[in-house]
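J.: Let me give you the structure first, and then I'll get to my questions.
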Amino acid sequence: MHRYKLVLEYDGTRFRGWQKQKNARTIQETLTAAAERFLGAPADIQGAGRTDAGVHALGQTAHLETSREIDPAALREGINGMLPESISILSAESAAPRFHARHHAVSRSYLYLISKRRTVFGSKYAWWVPDRLDCDIMRRTLDVFRGFHDFASFTDRRMEKGSSTRAGIDSLLLEEFGDIIAIRVVGRHFLWKMVRRMTGVTVAAGRGDLTIRDIEEMLVSYSETPKKSTAPPHGLFLEKVLYEGDTLPDIKAPPFFR
């Protein structure tokens with residue numbers, strides 16, 4: 001068997017997330033079908049991170065295993081020719097037989113985009129918040145999440161199915177680019193809807209609806225507030241999956257907002 005490392009981008013608007021599901025169109029299913037059509041052989045594709053329905057990726061990593069040996073550049077070009085325009089493989093390379101896109105990742109970076117103005121062309125990729133937001137308070141709010149905490153208030157516990165809700169956040173950053181506020185969250189492991197709920201309460205704090213103390217309490221005892229404040233999926237991007245030796249570039253808005 002031969003294994004390849006793929007890095008891809010996708011617009012998640014019309015997909016029910018990354019992971020294969022019954023009776024639902026997903027990125028993993030679409031990518032696997034395209035690979036098998038091109039290769040003429042079965043292919044197993046596993047991603048480094050789950051993305052929910054409607055969530056995008058600037059740099060999802062996956063590994064592909066198949067019985068067929070092929071030049072990685074030809075593999076990338078061939079599969080891209082079978083994919084819809086909403087998914088594109090950015091790079092492909094041969095990988096070690098035991099390389100696993102998820103298990104070998106050391107951290108993942110997510111980017112959430114908030115628009116300060118109503119935007120027609122960016123409406124699928126940023127959350128328009130018409131209220132005035134205090135970005136200094138939002139930065140102080142994000143600092144609350146840094147480190148290792150119980151994020152039970154910030155996940156859909158039905159999806160976690162009894163697994164631990166404790167997770168560690170390595171870094172958080174908020175930058176402004178004209179009318180765009182970009183929030184980057186970096187950690188090894190994320191729970192279902194965790195980044196969207198963190199973003200939602202951060203925006204609420206920026207509006208003045210919540211205090212930093214309110215949010216600190218949410219990490220100590222369970223609260224329904226993050227669920228009610230969940231940011232919409234279309235502003236969220238899996239920015240990059242990092243492996244040993246990788247570094248993150250400077251935070252910046254995606255090309256369509258520059």
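Ligands are numbered from 1 in the order shown, residues from 1 within each chain, and chains are lettered A, B, ... in the order they appear in the structure tokens.
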Do you know which residues are at most 12 Å from range 8-15 of chain A counting only C-alpha atoms, after dropping those on the same chain fewer than 5 positions away, and could you put them as a VMD selection string?
T.: chain A and resid 20 to 21 23 to 31 47 to 48 50 to 63 76 79 to 80 83 to 92 123 to 126 232 to 241 254
J.: Counting only C-alpha atoms, what is within 10 Å of Arg166 in chain A, bar same-chain residues fewer than 3 positions away, as a PyMOL selection string?
T.: chain A and resi 148-152+163+189-191+219
J.: When you count only C-alpha atoms, which of these residues is closest to Asp156 in chain A: A:Gln19, A:Thr230, A:Thr66, A:Gln46?
T.: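 Once distances to Asp156 in chain A are computed over only C-alpha atoms, the minimum belongs to A:Thr230.
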J.: Determine which residues of range 164-256 of chain A DSSP labels as strand (DSSP E or B) from the backbone of this structure, then write them out as a count of residues only.
T.: 27
J.: Residues near Glu216 in chain A, anyone? I mean within 10 Å using only C-alpha atoms, not counting same-chain ones fewer than 5 positions away, as an NGL selection string.
T.: :A and (141 or 144-145 or 211 or 221)
J.: If you run DSSP on the backbone, which residues of range 34-116 of chain A are alpha helix (DSSP H), as a ChimeraX atom specification?
T.: /A:34-39,72-80
J.: Would you mind exporting the chosen residues as a short mmCIF file (atom, residue, chain, number, x, y, z; two decimals), in the first residue's frame, restricted to C-alpha atoms?
T.:
data_model
loop_
_atom_site.label_atom_id
_atom_site.label_comp_id
_atom_site.auth_asym_id
_atom_site.auth_seq_id
_atom_site.Cartn_x
_atom_site.Cartn_y
_atom_site.Cartn_z
CA ALA A 34 -13.01 11.63 -6.70
CA ALA A 35 -9.79 9.84 -5.73
CA GLU A 36 -11.22 6.41 -6.50
CA ARG A 37 -12.53 7.55 -9.88
CA PHE A 38 -9.12 8.90 -10.82
CA LEU A 39 -7.06 6.03 -9.40
CA PRO A 72 2.24 13.03 -6.12
CA ALA A 73 1.94 15.93 -8.58
CA ALA A 74 -0.05 13.73 -10.96
CA LEU A 75 -2.19 12.57 -8.04
CA ARG A 76 -3.02 16.15 -7.07
CA GLU A 77 -3.82 17.19 -10.63
CA GLY A 78 -5.82 14.05 -11.37
CA ILE A 79 -8.02 14.21 -8.26
CA ASN A 80 -8.57 17.95 -8.67
#
J.: Do you have the CA of Ser229 in chain A-CA of Val203 in chain A distance handy?
T.: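 Atom-to-atom, CA of Ser229 in chain A and CA of Val203 in chain A are spaced 8.7 Å apart.
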J.: Could you name the residues that touch Ser171 in chain A at 7 Å or less, counting only C-alpha atoms, but leaving out those on the same chain fewer than 2 positions away, as number ranges by chain?
T.: A: 146, 169, 173, 185-186
J.: Just the selected residues (N, CA and C atoms), exported as a PDB file, in the first residue's frame, please.
T.:
ATOM      1  N   ARG A 146      -7.065  30.821  27.437  1.00  0.00           N
ATOM      2  CA  ARG A 146      -5.711  30.286  27.287  1.00  0.00           C
ATOM      3  C   ARG A 146      -5.409  29.263  28.383  1.00  0.00           C
ATOM      4  N   ILE A 169      -5.741  25.182  25.211  1.00  0.00           N
ATOM      5  CA  ILE A 169      -5.596  26.194  24.164  1.00  0.00           C
ATOM      6  C   ILE A 169      -4.199  26.795  24.284  1.00  0.00           C
ATOM      7  N   LEU A 173      -5.373  34.996  19.303  1.00  0.00           N
ATOM      8  CA  LEU A 173      -4.938  36.274  18.762  1.00  0.00           C
ATOM      9  C   LEU A 173      -6.106  36.919  18.039  1.00  0.00           C
ATOM     10  N   VAL A 185      -7.351  30.813  16.889  1.00  0.00           N
ATOM     11  CA  VAL A 185      -7.293  29.958  18.073  1.00  0.00           C
ATOM     12  C   VAL A 185      -6.447  28.732  17.731  1.00  0.00           C
ATOM     13  N   VAL A 186      -5.433  28.456  18.550  1.00  0.00           N
ATOM     14  CA  VAL A 186      -4.513  27.344  18.283  1.00  0.00           C
ATOM     15  C   VAL A 186      -4.515  26.388  19.470  1.00  0.00           C
TER      16      VAL A 186
END
J.: With only C-alpha atoms as the atoms that count, which of A:Asp134, A:Asp246, A:Glu175, A:Glu93 lies nearest to Gly208 in chain A?
T.: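 Among the listed residues, A:Asp134 lies closest to Gly208 in chain A.
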J.: If you count only C-alpha atoms, which residues fall within 12 Å of Ala204 in chain A, apart from same-chain ones fewer than 3 positions away, as JSON, numbers by chain?
T.: {"A": [129, 131, 132, 133, 134, 135, 137, 138, 141, 142, 197, 198, 199, 200, 201, 207, 208, 209, 210, 211, 212, 214, 215, 225, 226, 228, 229, 230, 231]}
